[in-house]
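protein-v1.cif (mmCIF, C-alpha atoms)
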data_upload
#
loop_
_atom_site.label_atom_id
_atom_site.label_comp_id
_atom_site.auth_asym_id
_atom_site.auth_seq_id
_atom_site.Cartn_x
_atom_site.Cartn_y
_atom_site.Cartn_z
CA MET A 18 -12.92 -8.34 36.73
CA ILE A 19 -13.25 -8.96 32.97
CA ASN A 20 -10.65 -11.32 31.51
CA SER A 21 -8.83 -10.34 28.33
CA LEU A 22 -8.48 -12.96 25.61
CA VAL A 23 -6.50 -12.68 22.37
CA ARG A 24 -7.81 -15.05 19.71
CA PRO A 25 -7.81 -15.40 15.91
CA VAL A 26 -10.54 -13.52 14.10
CA ASP A 27 -13.02 -15.54 12.07
CA LEU A 28 -15.84 -14.74 9.65
CA ASN A 29 -18.40 -14.74 12.49
CA ASP A 30 -16.71 -11.59 13.86
CA HIS A 31 -17.69 -9.50 10.84
CA GLN A 32 -20.39 -7.44 12.54
CA GLN A 33 -18.47 -6.73 15.74
CA LEU A 34 -15.35 -5.77 13.81
CA SER A 35 -17.38 -3.64 11.43
CA ASN A 36 -18.80 -1.68 14.36
CA LEU A 37 -15.36 -1.31 15.95
CA ILE A 38 -13.74 -0.12 12.72
CA PHE A 39 -16.42 2.35 11.69
CA PHE A 40 -17.29 3.83 15.09
CA GLU A 41 -13.92 4.07 16.82
CA THR A 42 -11.63 7.03 16.19
CA HIS A 43 -8.47 5.25 17.33
CA ILE A 44 -7.66 3.28 14.22
CA HIS A 45 -4.71 2.62 11.95
CA ARG A 46 -5.65 1.44 8.46
CA HIS A 47 -3.09 0.54 5.84
CA LEU A 48 -3.50 2.21 2.44
CA ASP A 49 -4.72 -0.90 0.72
CA TRP A 50 -6.74 -2.25 -2.20
CA ARG A 51 -8.77 -4.27 0.30
CA SER A 52 -10.72 -3.04 3.31
CA PRO A 53 -9.80 -4.52 6.73
CA LEU A 54 -12.97 -6.60 6.66
CA GLU A 55 -11.94 -8.18 3.36
CA TRP A 56 -8.94 -9.70 5.13
CA LEU A 57 -11.18 -11.75 7.44
CA GLY A 58 -10.14 -15.39 7.29
CA ALA A 59 -6.50 -14.55 6.50
CA PRO A 60 -3.69 -15.65 8.85
CA PHE A 61 -2.27 -13.23 11.41
CA TYR A 62 -5.53 -11.46 12.23
CA TRP A 63 -6.39 -11.31 15.94
CA ALA A 64 -9.07 -9.87 18.19
CA LEU A 65 -8.80 -8.75 21.79
CA GLU A 66 -11.97 -9.97 23.49
CA GLU A 67 -13.13 -8.74 26.88
CA GLY A 68 -16.17 -10.59 28.10
CA GLN A 69 -18.01 -11.31 24.88
CA HIS A 70 -17.04 -8.07 23.18
CA ILE A 71 -14.17 -7.38 20.79
CA THR A 72 -12.44 -4.24 22.04
CA ALA A 73 -9.38 -4.24 19.75
CA ALA A 74 -8.01 -5.95 16.66
CA LEU A 75 -4.69 -6.33 14.84
CA ALA A 76 -4.22 -7.62 11.30
CA CYS A 77 -0.86 -8.16 9.60
CA PRO A 78 -1.41 -10.88 6.98
CA THR A 79 1.46 -11.93 4.72
CA GLU A 80 0.45 -11.19 1.16
CA VAL A 81 4.01 -11.73 -0.12
CA LYS A 82 6.22 -14.40 1.49
CA GLY A 83 8.27 -12.98 4.33
CA ILE A 84 6.53 -9.56 4.40
CA ALA A 85 3.63 -8.70 6.72
CA TRP A 86 2.13 -5.21 6.65
CA VAL A 87 0.14 -3.96 9.63
CA ARG A 88 -3.14 -3.47 7.80
CA LEU A 89 -5.30 -2.76 10.82
CA PHE A 90 -4.96 -1.79 14.45
CA VAL A 91 -8.03 -0.51 16.21
CA TYR A 92 -9.01 -0.27 19.85
CA GLY A 93 -12.01 1.01 21.73
CA GLY A 94 -14.08 0.64 24.85
CA ARG A 95 -12.06 0.67 28.04
CA ALA A 96 -8.90 -0.57 26.38
CA SER A 97 -5.94 1.80 26.24
CA ALA A 98 -3.73 1.85 23.19
CA ASP A 99 -0.74 0.52 25.14
CA HIS A 100 -2.75 -2.29 26.76
CA ALA A 101 -4.45 -3.41 23.55
CA TRP A 102 -1.30 -3.18 21.43
CA SER A 103 0.85 -4.99 24.00
CA LEU A 104 -1.47 -7.99 24.17
CA LEU A 105 -2.08 -8.24 20.43
CA TRP A 106 1.52 -7.56 19.36
CA SER A 107 2.90 -10.16 21.81
CA THR A 108 0.65 -12.76 20.23
CA ALA A 109 1.54 -11.61 16.72
CA LYS A 110 5.27 -11.90 17.31
CA GLU A 111 5.02 -15.45 18.65
CA GLU A 112 2.70 -16.72 15.94
CA ILE A 113 4.70 -15.12 13.11
CA ARG A 114 7.92 -16.51 14.59
CA HIS A 115 6.53 -20.05 14.70
CA ALA A 116 5.14 -19.68 11.18
CA GLY A 117 8.61 -19.05 9.75
CA GLY A 118 9.25 -15.39 10.57
CA ALA A 119 8.70 -12.22 8.56
CA THR A 120 9.50 -8.55 8.31
CA VAL A 121 6.52 -6.66 9.74
CA ALA A 122 6.07 -3.18 8.28
CA ALA A 123 3.75 -0.25 8.87
CA ILE A 124 3.17 3.20 7.42
CA ALA A 125 2.38 5.27 10.49
CA ILE A 126 0.19 8.27 9.77
CA GLN A 127 -1.01 9.14 13.29
CA PRO A 128 1.49 10.21 15.99
CA TRP A 129 -0.08 7.90 18.60
CA PHE A 130 0.58 4.89 16.36
CA GLN A 131 4.14 6.02 15.71
CA GLN A 132 4.70 6.06 19.47
CA LEU A 133 3.36 2.51 19.84
CA LEU A 134 5.64 1.24 17.10
CA THR A 135 8.82 2.91 18.36
CA GLY A 136 8.01 1.79 21.90
CA SER A 137 7.82 -1.81 20.63
CA GLY A 138 11.18 -1.76 18.90
CA PHE A 139 10.11 -0.91 15.35
CA GLU A 140 12.72 1.06 13.39
CA SER A 141 12.02 3.90 10.99
CA ARG A 142 13.52 2.85 7.62
CA GLN A 143 12.32 5.51 5.19
CA ARG A 144 9.52 7.97 4.58
CA ILE A 145 6.65 8.09 2.14
CA VAL A 146 6.48 11.49 0.45
CA MET A 147 3.55 12.94 -1.47
CA LEU A 148 3.75 14.80 -4.77
CA ASP A 149 1.13 16.69 -6.75
CA TRP A 150 0.68 17.59 -10.42
CA GLN A 151 -1.80 20.22 -11.57
CA PHE A 152 -3.25 20.79 -15.00
CA GLN A 153 -0.96 22.43 -17.51
CA PRO A 154 -1.02 22.60 -21.32
CA TRP A 155 0.75 19.29 -21.78
CA LEU A 156 1.35 18.49 -25.44
CA PRO A 157 1.79 14.93 -26.71
CA ARG A 158 5.31 14.23 -27.94
CA ALA A 159 5.85 13.38 -31.56
CA ALA A 160 7.51 10.05 -30.85
CA ASN A 161 7.65 7.67 -27.91
CA VAL A 162 10.44 5.18 -27.29
CA VAL A 163 7.88 2.43 -26.68
CA GLN A 164 4.26 1.70 -27.48
CA VAL A 165 1.89 2.69 -24.69
CA ARG A 166 -1.47 0.94 -24.77
CA LYS A 167 -4.40 0.06 -22.54
CA MET A 168 -3.75 -2.75 -20.06
CA THR A 169 -5.77 -5.94 -20.43
CA GLU A 170 -6.45 -8.88 -18.11
CA ALA A 171 -4.09 -11.00 -20.20
CA ASP A 172 -1.22 -8.59 -19.39
CA LEU A 173 -1.36 -9.17 -15.64
CA PRO A 174 1.26 -11.96 -15.36
CA GLN A 175 3.84 -9.77 -17.13
CA VAL A 176 2.71 -6.74 -15.13
CA VAL A 177 3.39 -8.62 -11.88
CA GLU A 178 6.82 -9.67 -13.17
CA THR A 179 7.59 -6.05 -14.02
CA ASP A 180 6.37 -4.87 -10.64
CA ASN A 181 8.46 -7.38 -8.68
CA ALA A 182 11.56 -6.60 -10.75
CA ALA A 183 11.19 -2.86 -10.20
CA PHE A 184 10.72 -2.79 -6.42
CA ARG A 185 12.40 -4.18 -3.34
CA PRO A 186 10.63 -7.14 -1.64
CA LEU A 187 9.05 -4.89 0.99
CA TRP A 188 7.02 -3.19 -1.75
CA HIS A 189 6.13 -6.23 -3.89
CA ASN A 190 2.53 -6.85 -4.87
CA SER A 191 1.01 -10.28 -5.35
CA PHE A 192 -0.88 -11.29 -8.48
CA ASP A 193 -4.18 -11.03 -6.58
CA THR A 194 -3.41 -7.47 -5.51
CA VAL A 195 -2.40 -6.35 -9.01
CA GLN A 196 -5.58 -7.96 -10.36
CA LEU A 197 -7.63 -6.09 -7.76
CA ALA A 198 -5.87 -2.82 -8.55
CA PHE A 199 -6.54 -3.34 -12.25
CA SER A 200 -10.24 -3.90 -11.56
CA GLN A 201 -10.45 -0.61 -9.63
CA ALA A 202 -8.36 1.49 -12.02
CA LEU A 203 -9.54 4.62 -13.75
CA PHE A 204 -6.65 4.32 -16.22
CA ALA A 205 -4.27 1.37 -16.58
CA THR A 206 -1.68 1.23 -19.33
CA VAL A 207 1.42 -0.76 -20.25
CA ALA A 208 4.57 0.18 -22.13
CA GLU A 209 5.52 -2.49 -24.64
CA ASP A 210 8.81 -2.99 -26.43
CA SER A 211 9.14 -5.74 -29.08
CA GLY A 212 6.06 -7.46 -27.70
CA ARG A 213 7.32 -7.46 -24.10
CA ILE A 214 5.86 -5.36 -21.28
CA VAL A 215 8.62 -3.20 -19.83
CA GLY A 216 6.55 -0.79 -17.73
CA TYR A 217 3.05 -0.02 -16.53
CA GLN A 218 0.94 2.42 -14.56
CA ILE A 219 -2.33 2.13 -12.64
CA THR A 220 -4.27 5.27 -11.73
CA THR A 221 -7.41 5.64 -9.64
CA GLY A 222 -9.63 8.66 -9.33
CA HIS A 223 -12.96 10.34 -8.80
CA GLY A 224 -14.21 13.72 -9.88
CA PRO A 225 -11.50 16.34 -10.58
CA ARG A 226 -8.70 14.39 -8.85
CA ALA A 227 -6.75 11.27 -9.69
CA HIS A 228 -4.01 9.29 -7.94
CA LEU A 229 -1.14 7.48 -9.65
CA ALA A 230 -1.24 4.37 -7.51
CA ARG A 231 1.60 2.47 -9.19
CA LEU A 232 4.25 3.15 -11.81
CA ALA A 233 6.94 0.57 -12.54
CA VAL A 234 9.61 0.11 -15.19
CA ARG A 235 11.84 -2.94 -15.53
CA PRO A 236 15.32 -2.08 -14.16
CA GLU A 237 17.20 -3.15 -17.31
CA THR A 238 15.11 -0.77 -19.42
CA GLN A 239 15.25 2.28 -17.15
CA SER A 240 16.78 5.58 -18.36
CA ARG A 241 15.20 5.05 -21.78
CA GLY A 242 12.24 7.36 -21.27
CA ILE A 243 9.69 4.62 -20.56
CA GLY A 244 8.43 6.23 -17.36
CA ARG A 245 8.13 9.56 -19.18
CA ALA A 246 6.16 7.90 -21.99
CA LEU A 247 3.71 6.35 -19.51
CA LEU A 248 3.24 9.65 -17.71
CA ASN A 249 2.91 11.64 -20.91
CA ASP A 250 0.15 9.31 -22.07
CA LEU A 251 -1.52 9.51 -18.65
CA PHE A 252 -1.49 13.32 -18.64
CA ILE A 253 -3.27 13.33 -21.99
CA LYS A 254 -5.91 10.92 -20.69
CA ILE A 255 -6.66 12.78 -17.48
CA THR A 256 -6.83 16.22 -19.10
CA ARG A 257 -9.20 14.91 -21.76
CA ASN A 258 -11.41 13.66 -18.93
CA GLY A 259 -11.47 16.99 -17.10
CA ILE A 260 -9.19 15.88 -14.26
CA GLU A 261 -7.19 18.82 -12.97
CA ARG A 262 -4.92 17.28 -10.33
CA LEU A 263 -2.88 14.10 -10.06
CA SER A 264 -1.18 12.91 -6.87
CA VAL A 265 1.46 10.24 -6.35
CA ASN A 266 3.57 8.97 -3.46
CA THR A 267 7.00 7.38 -3.38
CA GLN A 268 9.81 6.68 -0.94
CA ASN A 269 12.09 9.54 0.07
CA ASP A 270 15.15 7.45 -0.87
CA ASN A 271 13.86 6.50 -4.34
CA ALA A 272 16.03 8.96 -6.23
CA ALA A 273 15.01 7.69 -9.68
CA SER A 274 11.29 8.15 -9.04
CA LEU A 275 11.72 11.56 -7.43
CA SER A 276 13.84 12.75 -10.36
CA LEU A 277 11.29 11.51 -12.90
CA TYR A 278 8.33 13.12 -11.15
CA LYS A 279 10.17 16.43 -10.80
CA LYS A 280 11.02 16.45 -14.52
CA MET A 281 7.38 15.73 -15.35
CA GLY A 282 6.03 18.67 -13.36
CA PHE A 283 5.17 17.15 -9.98
CA HIS A 284 5.84 19.13 -6.82
CA ARG A 285 6.52 17.80 -3.32
CA THR A 286 3.81 18.55 -0.77
CA SER A 287 4.37 18.82 2.97
CA GLU A 288 2.93 15.35 3.61
CA GLU A 289 5.43 12.71 4.75
CA TYR A 290 4.82 9.46 6.64
CA PRO A 291 7.44 7.21 8.24
CA VAL A 292 7.74 3.54 7.29
CA TYR A 293 8.58 1.29 10.25
CA THR A 294 9.81 -2.30 10.16
CA PHE A 295 10.35 -5.05 12.72
CA ASP A 296 12.20 -8.25 11.79
CA ILE A 297 10.85 -11.42 13.38
CA PRO A 298 13.19 -14.40 12.90
CA ALA A 299 11.88 -17.94 12.50
CA ALA A 300 11.56 -20.01 15.65
#

Would you mind writing the file's structure down as structure tokens?
Amino acid sequence: MINSLVRPVDLNDHQQLSNLIFFETHIHRHLDWRSPLEWLGAPFYWALEEGQHITAALACPTEVKGIAWVRLFVYGGRASADHAWSLLWSTAKEEIRHAGGATVAAIAIQPWFQQLLTGSGFESRQRIVMLDWQFQPWLPRAANVVQVRKMTEADLPQVVETDNAAFRPLWHNSFDTVQLAFSQALFATVAEDSGRIVGYQITTGHGPRAHLARLAVRPETQSRGIGRALLNDLFIKITRNGIERLSVNTQNDNAASLSLYKKMGFHRTSEEYPVYTFDIPAA
């Protein structure tokens, strides 16, 4: 009989994990700026080892204090989803508890992963909804309420402040993540008012499609047309570059975002994904 061992992942596991991630079909991957392998060495990353082979892995590192997203769950070999998840999740709960506790969250795309989460006591809090914008003869407006300009590296501290002010803690991004997003952006702009950044957007893309990965406006400056100004500028940029479609996602209970996107010509698609959370108190 082969013994099962749950242990922390280390950098020496790169090749085995790479094989598991890229060759197994049973995998949950968080929509992230980093690949699962780039999280190697971070806390709260475990492997299920049977014999000398890694047959499953779970990663839920805390990028922002008190929040841990499930960034990877993969299993293969003889392991069943229930068996692998049970062993890894039991370890995760104990270690996170002793480390001070956290809210563990996951966006569940596949039904089998949704079943694992609900069976473990995760609660569905909200849903991620997808929206789509297609090319239309969008004309620049004569006047904007703020200056919209290209984002620079020097803007990032204020961009992070804006981001954290605009979203609830569950959706906060760290400085490192915003910096990584900026480095991968197709278009990144800020809205500036009296020398202060009050909003920003980061868009990625390839070929005829682009994705609005992040749009944030400081709460005290909302309802002034800042989000509209950022989107108007973005539409001009993407159409000039031959991009015909722009997608975005937001939470189903984010009424302000949904209203803005509807006014700016976005349409809801049929794609929706539940967001689950599990609160682990400190030991």

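Among the candidates A:Phe192, A:Tyr290, A:Phe295, A:Tyr92, the residue lying nearest to A:His45 is A:Tyr92 (atoms considered: all atoms listed in the file).
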
- Message: Could you list, as a VMD selection string, every residue matched by the PyMOL selection byres ((chain A and resi 24-33) around 6) in this structure?
- Response: chain A and resid 23 34 to 36 57 to 58 62 to 64

With C-alpha atoms retained, write the just-selected residues as a tab-separated table (two decimals), keeping the file's coordinate frame.
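The result, stored in again_16.tsv:
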chain	number	residue	atom	x	y	z
A	23	VAL	CA	-6.50	-12.68	22.37
A	34	LEU	CA	-15.35	-5.77	13.81
A	35	SER	CA	-17.38	-3.64	11.43
A	36	ASN	CA	-18.80	-1.68	14.36
A	57	LEU	CA	-11.18	-11.75	7.44
A	58	GLY	CA	-10.14	-15.39	7.29
A	62	TYR	CA	-5.53	-11.46	12.23
A	63	TRP	CA	-6.39	-11.31	15.94
A	64	ALA	CA	-9.07	-9.87	18.19

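Picture a line from atom CA of A:Pro225 to atom CA of A:Phe283; it runs 16.7 Å.
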
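Near A:Asp172, within a cut-off of 9 Å and counting all atoms listed in the file, sit the residues Met168, Val176, Val177, Val207 and Ile214 of chain A, with same-chain residues fewer than 4 positions away left out.
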
Show me, as an mmCIF file with C-alpha atoms, in the coordinates of the input, the residues that have an atom within 7 Å of stretch 142-144 of chain A when counting only C-alpha atoms, minus same-chain residues fewer than 6 positions from it.
data_model
loop_
_atom_site.group_PDB
_atom_site.id
_atom_site.type_symbol
_atom_site.label_atom_id
_atom_site.label_comp_id
_atom_site.auth_asym_id
_atom_site.auth_seq_id
_atom_site.Cartn_x
_atom_site.Cartn_y
_atom_site.Cartn_z
ATOM 1 C CA GLN A 268 9.810 6.680 -0.940
ATOM 2 C CA ASN A 269 12.090 9.540 0.070
ATOM 3 C CA ASP A 270 15.150 7.450 -0.870
ATOM 4 C CA GLU A 289 5.430 12.710 4.750
ATOM 5 C CA TYR A 290 4.820 9.460 6.640
ATOM 6 C CA PRO A 291 7.440 7.210 8.240
ATOM 7 C CA VAL A 292 7.740 3.540 7.290
ATOM 8 C CA TYR A 293 8.580 1.290 10.250
ATOM 9 C CA THR A 294 9.810 -2.300 10.160
#

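The gap separating atom CA of A:Pro298 from atom CA of A:Ile71 is 29.3 Å, in Å to one decimal.
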
- Message: Here's the selection I'm unsure about, the PyMOL selection byres ((chain A and resi 266) around 10); applied to the file above, which residues does it give, as a ChimeraX atom specification?
- Response: /A:145-149,228-231,264-265,267-269,274-275,278,285-286,288-289

- Within-9 Å shell of (7.3, -7.7, -4.5) in input frame, all atoms listed in the file, as a ChimeraX atom specification: /A:81,177-178,180-191

- Task: Would you write out, as a PyMOL selection string, every residue that the PyMOL selection byres ((chain A and resi 93) around 10) captures in this file?
- Result: chain A and resi 37-38+40-44+71-74+91-92+94-98+101

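Comparing the minimum interatomic distances between A:Phe130 and each of A:Phe90, A:Phe152, A:Glu170, A:Arg114, counting all atoms listed in the file, we find that A:Phe90 sits nearest.
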
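For the pair atom CA of A:Pro53 and atom CA of A:Ala300, the separation is 27.9 Å.
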
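Minimum atom-to-atom distances from A:Ala59, A:Leu48, A:Ala109, A:Ile260 to A:Ala125 were compared using only C-alpha atoms, and the lowest value belongs to A:Leu48.
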
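Here the question is which of A:Cys77, A:Leu105, A:Ala227, A:Ile297 gets nearest to A:Ala123 using all atoms listed in the file, and that residue is A:Cys77.
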
Kindly complete stretch 194-230 of chain A to N, CA and C atoms; the output should be written as a compact mmCIF listing (two decimals), in the frame of the given file.
# COMPACT_ATOMS: atom_id res chain seq x y z
N THR A 194 -3.33 -8.91 -5.76
CA THR A 194 -3.41 -7.47 -5.51
C THR A 194 -3.36 -6.68 -6.81
N VAL A 195 -2.48 -7.05 -7.72
CA VAL A 195 -2.40 -6.35 -9.01
C VAL A 195 -3.72 -6.52 -9.77
N GLN A 196 -4.29 -7.71 -9.70
CA GLN A 196 -5.58 -7.96 -10.36
C GLN A 196 -6.66 -7.08 -9.75
N LEU A 197 -6.65 -6.94 -8.43
CA LEU A 197 -7.63 -6.09 -7.76
C LEU A 197 -7.42 -4.63 -8.11
N ALA A 198 -6.17 -4.20 -8.16
CA ALA A 198 -5.87 -2.82 -8.55
C ALA A 198 -6.34 -2.53 -9.97
N PHE A 199 -6.11 -3.48 -10.86
CA PHE A 199 -6.54 -3.34 -12.25
C PHE A 199 -8.06 -3.18 -12.34
N SER A 200 -8.77 -3.95 -11.52
CA SER A 200 -10.24 -3.90 -11.56
C SER A 200 -10.79 -2.58 -11.03
N GLN A 201 -10.00 -1.86 -10.22
CA GLN A 201 -10.45 -0.61 -9.63
C GLN A 201 -9.87 0.62 -10.34
N ALA A 202 -9.09 0.39 -11.39
CA ALA A 202 -8.36 1.49 -12.02
C ALA A 202 -9.26 2.39 -12.86
N LEU A 203 -8.93 3.66 -12.84
CA LEU A 203 -9.54 4.62 -13.75
C LEU A 203 -8.82 4.55 -15.10
N PHE A 204 -7.49 4.51 -15.04
CA PHE A 204 -6.65 4.32 -16.22
C PHE A 204 -5.56 3.31 -15.88
N ALA A 205 -5.35 2.35 -16.74
CA ALA A 205 -4.27 1.37 -16.58
C ALA A 205 -3.65 1.12 -17.94
N THR A 206 -2.35 1.37 -18.05
CA THR A 206 -1.68 1.23 -19.33
C THR A 206 -0.37 0.48 -19.15
N VAL A 207 0.12 -0.09 -20.25
CA VAL A 207 1.42 -0.76 -20.25
C VAL A 207 2.29 -0.15 -21.34
N ALA A 208 3.59 -0.20 -21.12
CA ALA A 208 4.57 0.18 -22.13
C ALA A 208 5.15 -1.11 -22.68
N GLU A 209 5.13 -1.24 -23.99
CA GLU A 209 5.52 -2.49 -24.64
C GLU A 209 6.67 -2.23 -25.60
N ASP A 210 7.67 -3.10 -25.55
CA ASP A 210 8.81 -2.99 -26.43
C ASP A 210 9.08 -4.36 -27.05
N SER A 211 8.95 -4.47 -28.36
CA SER A 211 9.14 -5.74 -29.08
C SER A 211 8.26 -6.84 -28.52
N GLY A 212 7.02 -6.49 -28.19
CA GLY A 212 6.06 -7.46 -27.70
C GLY A 212 6.19 -7.82 -26.24
N ARG A 213 7.10 -7.17 -25.52
CA ARG A 213 7.32 -7.46 -24.10
C ARG A 213 6.95 -6.24 -23.27
N ILE A 214 6.23 -6.46 -22.17
CA ILE A 214 5.86 -5.36 -21.28
C ILE A 214 7.08 -4.97 -20.46
N VAL A 215 7.45 -3.69 -20.55
CA VAL A 215 8.62 -3.20 -19.83
C VAL A 215 8.26 -2.14 -18.79
N GLY A 216 6.99 -1.76 -18.73
CA GLY A 216 6.55 -0.79 -17.73
C GLY A 216 5.04 -0.72 -17.72
N TYR A 217 4.50 -0.16 -16.63
CA TYR A 217 3.05 -0.02 -16.53
C TYR A 217 2.70 1.05 -15.51
N GLN A 218 1.46 1.51 -15.58
CA GLN A 218 0.94 2.42 -14.56
C GLN A 218 -0.52 2.08 -14.30
N ILE A 219 -0.93 2.28 -13.05
CA ILE A 219 -2.33 2.13 -12.64
C ILE A 219 -2.73 3.38 -11.89
N THR A 220 -3.79 4.03 -12.33
CA THR A 220 -4.27 5.27 -11.73
C THR A 220 -5.73 5.13 -11.33
N THR A 221 -6.04 5.62 -10.13
CA THR A 221 -7.41 5.64 -9.64
C THR A 221 -7.88 7.08 -9.62
N GLY A 222 -9.16 7.28 -9.41
CA GLY A 222 -9.63 8.66 -9.33
C GLY A 222 -11.13 8.78 -9.25
N HIS A 223 -11.54 9.99 -8.88
CA HIS A 223 -12.96 10.34 -8.80
C HIS A 223 -13.08 11.84 -8.91
N GLY A 224 -14.00 12.29 -9.74
CA GLY A 224 -14.21 13.72 -9.88
C GLY A 224 -13.00 14.40 -10.49
N PRO A 225 -12.59 15.57 -9.96
CA PRO A 225 -11.50 16.34 -10.58
C PRO A 225 -10.11 15.89 -10.16
N ARG A 226 -10.02 14.81 -9.34
CA ARG A 226 -8.70 14.39 -8.85
C ARG A 226 -8.44 12.94 -9.22
N ALA A 227 -7.17 12.64 -9.42
CA ALA A 227 -6.75 11.27 -9.69
C ALA A 227 -5.48 10.98 -8.88
N HIS A 228 -5.20 9.69 -8.69
CA HIS A 228 -4.01 9.29 -7.94
C HIS A 228 -3.27 8.21 -8.72
N LEU A 229 -2.00 8.47 -9.00
CA LEU A 229 -1.14 7.48 -9.65
C LEU A 229 -0.73 6.46 -8.60
N ALA A 230 -1.43 5.34 -8.57
CA ALA A 230 -1.24 4.37 -7.51
C ALA A 230 0.02 3.53 -7.69
